[in-house]
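Undergrad: Here's a structure for you.
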Amino acid sequence: MPRARLPLLISTVVLIVSPIWLPAIADDPSPAAVGLGGAEQIRLLIEQKSAEKQNAEKEIVLGQGAVASAVQRVRELKKQLDEAELRVNAESERVTSLQESSKAIDQMLAELRLSLPQHEAADQLVLVAAKVSARMDKMKAAEAQLQNQLAVLRKSSVEWRSKASDAEQKIAAIMTQRPELEKKITESKTALDAADVTVSTALQAVAAAQANVDAMNNTLAAQDEQVKTTTASIESLARSVASLENSLNTLREASKLTGTDASAAIQGLEKAIASFAPLKTNTAALLAEVTARRDDVAAKTAVAKTELETKIAEHKTAVAAAEPLRAAWTAAVDALAAGVTQEAELKIVKAESDRWQAMLNAQLTGLEPSLQKLQAESQIVASESLVASRQAEAALEPLGRFVSFSRDVAPILAQRCVACHNTRSPGGRLNLDSFAALLKGGESGAAVTAHNSAESLLLTMVEDGSMPKDADPLSDAEIAVVKHWIEVGAPLDAGIALTADLFDVMPEQTQPLPPTEYRVAIPVTAVAFSPDGSQIASSGYHEVLVWNTADGALVRRISNVAERIYDLEYSADGTTLAVAAGTPGQLGELKLFSAADGQLVRTLVRARDVVFALSFSPDGKLLACGGADRSINVVSVADGAEVVRIEDHADWVMDINWSPNGQRLVSSSRDKTCKIFEAATGNPVITFSGHGEPVYSAAFLADGTTVVSGGSDRRLRVWNSADGKEVRAIAGFGGDVFRIQILPDDVILSASGDRALYEHKAADGTQLRKMEGHSDWVYTLCFNPGRKLIASGCYDGEIRIWNSEDGSMTTSFIAIPKLPADQSVAAQK
């Protein structure tokens with residue numbers, strides 16, 4: 001209720017209460033007014049007035065109660081009025097809010113109606129892209145199917161060709177072996193026939209010897225029979241004589257006993273016994289003769305048997321000698337027959353292989369043009385798909401329906417996450433080096449769930465601050481980008497490979513501008529003369545500083561380079577300046593700038609870590625560089641195309657230089673070696689390992705075969721690239737040798753940590769000159785042959801320019817820029 005109505009309400013309440021007590025107060029209390037006289041009248045009047053007073057007081061009390069009640073009512077009404085007023089205000093605010101919401105809805109509707117054609121157009125582009133993509137997928141599938149078919153045909157063709165070739169080779173081998181086999185058969189047959197003759201002759205000799213033994217055995221048997229018969233006769237004669245002698249003895253004893261004269265009989269017996277004596281003698285002689293003849297026959301029989309055994313042995317020997325010859329002949333005959341059979345079979349195999357090969361080649365000839373046509377069409381469709389997808393992405397992005405992984409998300413991951421989640425050290429087994437690795441997730445599961453940020457572990461951990469670990473949390477803007485990217489489906493930009501390295505898909509970032517002025521000098525790590533010697537470029541902080549050689553005046557500041565510059569070199573025509581630089585642990589780069597105005601021409605190499613060295617090829621068409629990623633890159637100056645990439649060193653590549661003919665490269669490394677490579681292929685030629693300490697610089701002498709290197713061992717070492725042997729070591733340095741350059745006549749110019757520059761003869765190591773005066777390490781140097789000048793850069797920020805003919809210093813200045821900031825060149829393209 002409005003505040004203006006409150007007094008009116010109070011007045012109304014007073015008017016309502018007043019009639020109760022105002023008439024009594026208005027009565028006139030005088031005697032004249034009551035119309036009575038005397039004391040009685042006065043008493044009556046007093047009583048009356050007292051009663052009236054009592055009534056009035058009663059009315060007053062009642063009135064006061066009514067007033068109090070009215071006031072309370074007023075208060076209640078006022079409270080209600082306040083509450084009503086609050087409700088009115090709230091309703092007013094609600095109405096206002098609804099009106100504003102209505103306006104916002106109207107505005108949103110207007111915007112939606114305005115954006116609807118854009119969304120419809122974007123949807124149409126998405127549809128077109130999807131159709132083209134589907135068409136491309138079908139063509140890719142058809143191409144893959146055709147390639148598989150061709151691969152099967154080629155494999156079969158190769159197999160049949162191999163069979164034919166194998167059969168042909170075997171036939172040729174058989175044909176080659178046949179004359180030898182035939183010769184072997186002939187020779188083995190001749191030898192076998194001779195052996196068979198020997199066997200036959202031996203067999204005949206065995207038969208003759210056997211016949212002789214048999215005859216001798218027969219004779220010996222007859223002789224044995226004769227000896228037996230003679231022995232039996234002799235024994236019979238002996239028995240007869242013994243019987244006569246017994247009879248004689250018996251007769252004599254009987255005669256003695258009986259006394260009978262038996263002399264006649266005894267004499268007769270004695271004569272008879274005596275007549276046997278010659279016969280007994282002859283019989284013994286006959287037995288001896290017969291036994292002798294028998295023994296002679298037995299001896300001859302033994303000789304015959306021995307001869308038989310000899311002949312049998314000779315026969316066995318002849319048979320044994322003939323068997324290998326027979327086996328060899330049989331084997332040769334079998335081999336020849338097998339060869340003939342195998343040749344016939346192989347000719348069948350070859351004919352069949354040739355037939356299949358011809359048939360398969362005909363199919364290949366028919367299909368290969370189809371594949372080429374399909375591949376050409378696929379390339380066209382792939383290009384159309386890429387264009388359509390990029391158009392769709394470009395249409396969706398302003399509508400908030402697409403977030404670029406390459407431009408928006410990858411830089412956040414690279415700067416805040418990859419240090420702990422990469423291929424070499426995947427924390428929690430989560431690797432973020434590529435889109436494919438991100439989608440794979442880690443030991444806790446998937447890192448990203450497309451269209452669902454609430455279920456995406458990656459977003460959860462960056463929102464609650466648990467990641468990045470031991471580092472500042474992501475900003476709200478960065479988290480919003482990641483969340484939006486997930487909500488729109490976590491897409492990958494069209495044309496980017498799933499496995500592409502995160503660093504490679506990120507757009508090149510413009511480097512921070514250098515400070516307007518330097519509070520202190522910084523180390524000079526690189527210097528380079530322009531070809532005419534009028535200017536000298538040096539390293540700065542996020543910039544290259546170009547100075548006037550004559551007086552050290554600052555000519556130009558070239559920015560849009562990484563934090564530290566490590567090497568500089570002008571092209572031979574002086575139109576461009578190559579810069580090797582990097583921000584340690586984050587990126588490295590090889591950039592080409594216009595020498596005239598400092599504008600960026602192109603970025604030739606981007607690396608994961610700093611680039612330490614660069615070198616133009618003798619013809620100026622190529623640039624080689626090496627750095628902390630341990631690789632050497634050779635790129636085309638014209639377009640930055642990679643010609644060759646060499647990954648052979650085990651640690652930082654500190655320096656790189658070309659041979660005079662441009663065919664080879666020599667590198668030096670923190671892995672304590674310097675190496676030579678073929679520039680065209682990257683193939684290693686030879687490694688020099690004699691330093692035993694990091695090698696900072698290396699270069700070819702004029703002959704293109706001899707190399708000079710220098711490093712932490714405080715030596716210059718001269719090497720023969722033909723055999724890898726050290727020719728000589730040049731000592732005398734009081735610090736590390738940081739940089740070398742070869743001057744005319746193979747004079748070695750070197751910069752050392754002992755605060756001096758040196759010149760030595762490469763031929764014998766003789767020190768020609770020592771240029772002193774720097775107050776700290778001399779990091780870098782360069783030489784201009786036209787003006788015969790040497791420049792050196794020192795750790796304390798001083799640049800000195802020397803006369804190369806006598807070693808005298810011509811100019812010295814501290815490389816601190818003092819130009820206004822608006823004169824600094826932000827070299828961008």
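Residue numbers start at 1 in each chain; chains themselves are named A, B, ... in the order of the structure tokens; ligands are numbered from 1 in the order shown.
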Identify, with DSSP run on backbone atoms, the residues in range 328-531 of chain A assigned to alpha helix (DSSP H), and express the list as an MDAnalysis selection string.

TA: chainID A and resid 328:396 410:416 435:440 457:463 476:487 502:505

Undergrad: If DSSP is run on the backbone, what residues of range 536-641 of chain A are strand (DSSP E)? A reply as a CSV table (one decimal) with N, CA and C atoms, in the first residue's frame would be ideal.

TA:
chain,number,residue,atom,x,y,z
A,536,ILE,N,76.5,-7.2,-38.7
A,536,ILE,CA,76.7,-8.4,-38.0
A,536,ILE,C,75.5,-8.7,-37.1
A,537,ALA,N,74.9,-9.9,-37.2
A,537,ALA,CA,73.7,-10.3,-36.5
A,537,ALA,C,74.2,-11.0,-35.2
A,538,SER,N,73.5,-10.8,-34.1
A,538,SER,CA,73.9,-11.5,-32.9
A,538,SER,C,72.6,-11.9,-32.1
A,539,SER,N,72.8,-12.9,-31.2
A,539,SER,CA,71.7,-13.4,-30.4
A,539,SER,C,71.2,-12.4,-29.4
A,544,VAL,N,66.7,-11.3,-32.7
A,544,VAL,CA,68.0,-11.2,-33.3
A,544,VAL,C,68.4,-9.7,-33.4
A,545,LEU,N,69.6,-9.4,-33.0
A,545,LEU,CA,70.0,-8.0,-33.1
A,545,LEU,C,71.0,-7.8,-34.2
A,546,VAL,N,70.7,-6.8,-35.1
A,546,VAL,CA,71.6,-6.6,-36.2
A,546,VAL,C,72.3,-5.2,-36.0
A,547,TRP,N,73.7,-5.3,-36.1
A,547,TRP,CA,74.5,-4.1,-35.7
A,547,TRP,C,75.3,-3.7,-36.9
A,548,ASN,N,75.7,-2.4,-36.9
A,548,ASN,CA,76.6,-1.9,-37.9
A,548,ASN,C,78.0,-2.3,-37.5
A,554,LEU,N,73.1,-0.2,-33.4
A,554,LEU,CA,72.0,-1.1,-33.6
A,554,LEU,C,71.3,-0.7,-34.9
A,555,VAL,N,71.1,-1.6,-35.8
A,555,VAL,CA,70.4,-1.3,-37.1
A,555,VAL,C,69.0,-1.8,-37.0
A,556,ARG,N,68.8,-3.0,-36.5
A,556,ARG,CA,67.5,-3.6,-36.6
A,556,ARG,C,67.3,-4.7,-35.5
A,557,ARG,N,66.1,-4.8,-35.0
A,557,ARG,CA,65.7,-5.9,-34.1
A,557,ARG,C,64.7,-6.8,-34.7
A,558,ILE,N,65.0,-8.1,-34.8
A,558,ILE,CA,64.1,-9.0,-35.5
A,558,ILE,C,63.5,-9.9,-34.4
A,564,ARG,N,65.8,-18.3,-26.9
A,564,ARG,CA,67.3,-18.2,-27.0
A,564,ARG,C,67.7,-18.5,-28.4
A,565,ILE,N,68.6,-17.8,-28.9
A,565,ILE,CA,69.2,-17.9,-30.3
A,565,ILE,C,70.5,-18.6,-30.2
A,566,TYR,N,70.7,-19.7,-30.9
A,566,TYR,CA,71.9,-20.5,-30.7
A,566,TYR,C,72.8,-20.5,-32.0
A,567,ASP,N,72.3,-20.2,-33.1
A,567,ASP,CA,73.1,-20.1,-34.3
A,567,ASP,C,72.5,-19.2,-35.4
A,568,LEU,N,73.3,-18.5,-36.1
A,568,LEU,CA,72.9,-17.6,-37.2
A,568,LEU,C,73.7,-17.8,-38.4
A,569,GLU,N,73.1,-17.6,-39.6
A,569,GLU,CA,73.9,-17.6,-40.8
A,569,GLU,C,73.1,-16.9,-41.9
A,570,TYR,N,73.8,-16.0,-42.6
A,570,TYR,CA,73.2,-15.4,-43.8
A,570,TYR,C,73.3,-16.3,-45.0
A,576,THR,N,68.6,-13.4,-47.1
A,576,THR,CA,67.9,-14.0,-45.9
A,576,THR,C,68.9,-14.3,-44.8
A,577,LEU,N,68.3,-14.4,-43.6
A,577,LEU,CA,69.1,-14.7,-42.4
A,577,LEU,C,68.4,-16.0,-41.8
A,578,ALA,N,69.1,-17.0,-41.6
A,578,ALA,CA,68.6,-18.3,-41.0
A,578,ALA,C,68.9,-18.2,-39.5
A,579,VAL,N,67.9,-18.6,-38.7
A,579,VAL,CA,68.1,-18.5,-37.2
A,579,VAL,C,67.7,-19.9,-36.6
A,580,ALA,N,68.6,-20.4,-35.8
A,580,ALA,CA,68.4,-21.6,-35.0
A,580,ALA,C,68.1,-21.2,-33.6
A,581,ALA,N,67.0,-21.5,-33.0
A,581,ALA,CA,66.6,-21.0,-31.7
A,581,ALA,C,65.8,-22.0,-31.0
A,582,GLY,N,65.4,-21.7,-29.8
A,582,GLY,CA,64.5,-22.6,-29.0
A,582,GLY,C,64.2,-22.0,-27.6
A,583,THR,N,63.2,-22.6,-27.0
A,583,THR,CA,62.8,-22.3,-25.6
A,583,THR,C,63.1,-23.7,-24.9
A,587,LEU,N,60.3,-26.0,-27.1
A,587,LEU,CA,60.2,-26.0,-28.6
A,587,LEU,C,61.6,-25.6,-29.1
A,588,GLY,N,61.8,-25.9,-30.4
A,588,GLY,CA,62.9,-25.5,-31.1
A,588,GLY,C,62.5,-25.1,-32.5
A,589,GLU,N,63.2,-24.2,-33.2
A,589,GLU,CA,62.8,-23.8,-34.5
A,589,GLU,C,64.0,-23.3,-35.3
A,590,LEU,N,63.8,-23.5,-36.6
A,590,LEU,CA,64.7,-23.0,-37.6
A,590,LEU,C,63.9,-22.1,-38.5
A,591,LYS,N,64.2,-20.8,-38.5
A,591,LYS,CA,63.4,-19.8,-39.2
A,591,LYS,C,64.3,-19.1,-40.2
A,592,LEU,N,63.6,-18.6,-41.2
A,592,LEU,CA,64.3,-17.8,-42.3
A,592,LEU,C,63.6,-16.4,-42.3
A,593,PHE,N,64.5,-15.4,-42.2
A,593,PHE,CA,64.0,-14.0,-42.2
A,593,PHE,C,64.6,-13.2,-43.3
A,594,SER,N,63.8,-12.2,-43.7
A,594,SER,CA,64.4,-11.3,-44.7
A,594,SER,C,65.4,-10.4,-44.1
A,600,LEU,N,59.5,-12.3,-41.3
A,600,LEU,CA,59.6,-13.7,-41.4
A,600,LEU,C,59.3,-14.2,-42.8
A,601,VAL,N,60.2,-15.0,-43.4
A,601,VAL,CA,59.9,-15.6,-44.7
A,601,VAL,C,59.2,-16.9,-44.5
A,602,ARG,N,59.7,-17.8,-43.7
A,602,ARG,CA,59.0,-19.0,-43.4
A,602,ARG,C,59.7,-19.7,-42.2
A,603,THR,N,59.0,-20.6,-41.6
A,603,THR,CA,59.5,-21.5,-40.6
A,603,THR,C,59.9,-22.8,-41.3
A,604,LEU,N,61.1,-23.2,-41.2
A,604,LEU,CA,61.6,-24.4,-41.9
A,604,LEU,C,61.5,-25.6,-41.1
A,605,VAL,N,61.8,-25.5,-39.8
A,605,VAL,CA,61.8,-26.7,-38.9
A,605,VAL,C,61.1,-26.3,-37.6
A,606,ARG,N,60.3,-27.1,-37.0
A,606,ARG,CA,59.8,-27.0,-35.7
A,606,ARG,C,60.1,-28.3,-34.9
A,607,ALA,N,60.7,-28.2,-33.7
A,607,ALA,CA,61.1,-29.3,-33.0
A,607,ALA,C,60.6,-29.2,-31.6
A,611,VAL,N,66.9,-25.9,-31.1
A,611,VAL,CA,67.8,-26.2,-32.3
A,611,VAL,C,69.1,-25.5,-32.0
A,612,PHE,N,70.2,-26.2,-32.0
A,612,PHE,CA,71.5,-25.6,-31.6
A,612,PHE,C,72.3,-25.1,-32.8
A,613,ALA,N,72.1,-25.7,-33.9
A,613,ALA,CA,73.1,-25.4,-35.0
A,613,ALA,C,72.4,-25.5,-36.4
A,614,LEU,N,72.9,-24.7,-37.3
A,614,LEU,CA,72.4,-24.7,-38.7
A,614,LEU,C,73.5,-24.5,-39.7
A,615,SER,N,73.3,-24.9,-40.9
A,615,SER,CA,74.3,-24.6,-41.9
A,615,SER,C,73.7,-24.7,-43.3
A,616,PHE,N,74.0,-23.7,-44.1
A,616,PHE,CA,73.5,-23.7,-45.5
A,616,PHE,C,74.4,-24.6,-46.3
A,622,LEU,N,69.8,-25.9,-49.6
A,622,LEU,CA,69.4,-26.7,-48.5
A,622,LEU,C,69.9,-26.1,-47.2
A,623,LEU,N,69.2,-26.4,-46.1
A,623,LEU,CA,69.7,-26.1,-44.8
A,623,LEU,C,69.7,-27.3,-43.9
A,624,ALA,N,70.8,-27.5,-43.2
A,624,ALA,CA,70.8,-28.6,-42.2
A,624,ALA,C,70.8,-28.0,-40.8
A,625,CYS,N,70.2,-28.7,-39.9
A,625,CYS,CA,70.1,-28.2,-38.5
A,625,CYS,C,70.1,-29.4,-37.6
A,626,GLY,N,70.6,-29.2,-36.4
A,626,GLY,CA,70.6,-30.2,-35.3
A,626,GLY,C,70.3,-29.6,-34.0
A,627,GLY,N,69.8,-30.4,-33.0
A,627,GLY,CA,69.4,-29.9,-31.8
A,627,GLY,C,69.3,-30.9,-30.6
A,632,ILE,N,69.1,-34.7,-36.8
A,632,ILE,CA,69.6,-33.8,-37.8
A,632,ILE,C,68.6,-33.8,-38.9
A,633,ASN,N,68.2,-32.5,-39.3
A,633,ASN,CA,67.2,-32.4,-40.4
A,633,ASN,C,67.8,-31.6,-41.5
A,634,VAL,N,67.6,-32.1,-42.7
A,634,VAL,CA,68.0,-31.4,-43.9
A,634,VAL,C,66.7,-31.0,-44.6
A,635,VAL,N,66.5,-29.7,-44.9
A,635,VAL,CA,65.3,-29.2,-45.5
A,635,VAL,C,65.6,-28.3,-46.7
A,636,SER,N,64.6,-28.2,-47.5
A,636,SER,CA,64.7,-27.3,-48.7
A,636,SER,C,64.5,-25.8,-48.3

Undergrad: Between CA of Glu235 in chain A and CA of Val297 in chain A, what is the spacing in Å?

TA: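 Distance reported for this atom pair: 23.7 Å.
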
Undergrad: Using only C-alpha atoms for the distances, tell me which of A:Asp295, A:Glu487, A:Asp573, A:Glu182 is nearest to Thr449 in chain A.

TA: A:Glu487

Undergrad: Please identify all polymer residues within 12 Å of Lys170 in chain A, counting only C-alpha atoms, omitting same-chain residues fewer than 3 positions from it, and present them as a PyMOL selection string.

TA: chain A and resi 162-167+173-178+339-340+342-347+349-350

Undergrad: State, in Å with one decimal place, the distance from CA of Glu377 in chain A to CA of Gln147 in chain A.

TA: 14.7 Å

Undergrad: Let me make sure I understand: among A:Ala151, A:Leu116, A:Val333, A:Ala238, which one has the smallest atom-to-atom distance to Glu180 in chain A if we use only C-alpha atoms?

TA: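 Checking each candidate against Glu180 in chain A, we get A:Val333 as the closest.
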
Undergrad: Find the residues near range 503-508 of chain A: any atom within 10 Å, counting only C-alpha atoms, skip ones fewer than 4 places away on the same chain, and give them as a list of chain:residue names.

TA: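 What passes the distance filter is A:Phe405, A:Ser406, A:Arg407, A:Asp408, A:Val409, A:Ala410, A:Pro411, A:Ile412, A:Leu413, A:Ala414, A:Val418, A:Asp433, A:Ser434, A:Phe435, A:Asp493, A:Ile496, A:Ala497, A:Gln586, A:Leu587, A:Thr603, A:Arg606, A:Ala607, A:Arg608.
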
Undergrad: For Glu443 in chain A, please output as a list of chain:residue names all residues within 9 Å (counting only C-alpha atoms; exclusion window: fewer than 4 positions along the same chain).

TA: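 Here the qualifying residues turn out to be A:Gly428, A:Arg429, A:Leu430.
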
Undergrad: Which residue out of A:Ala277, A:Ala292, A:Val199, A:Ala122 has the minimum interatomic distance to Pro398 in chain A when only C-alpha atoms are used?

TA: A:Ala122

Undergrad: Determine the nearest neighbour of Cys417 in chain A from the options A:Thr291, A:Asn431, A:Gln210, A:Gln511, counting only C-alpha atoms.

TA: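 Smallest distance to Cys417 in chain A is found for A:Asn431.
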
Undergrad: Under the rule that only C-alpha atoms are counted, which of A:Asp472, A:Ile312, A:Ala264, A:Ala56 is the nearest residue to Arg252 in chain A?

TA: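 Once distances to Arg252 in chain A are computed over only C-alpha atoms, the minimum belongs to A:Ala264.
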
Undergrad: From the options A:Ile656, A:Ala550, A:Val520, A:Leu98, which residue's atoms come nearest to Ser534 in chain A, counting only C-alpha atoms?

TA: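 The shortest atom-to-atom distance to Ser534 in chain A comes from A:Ala550.
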
Undergrad: How many Å separate CA of Val448 in chain A from CA of Ala490 in chain A?

TA: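 About the pair CA of Val448 in chain A and CA of Ala490 in chain A: they are 7.7 Å apart.
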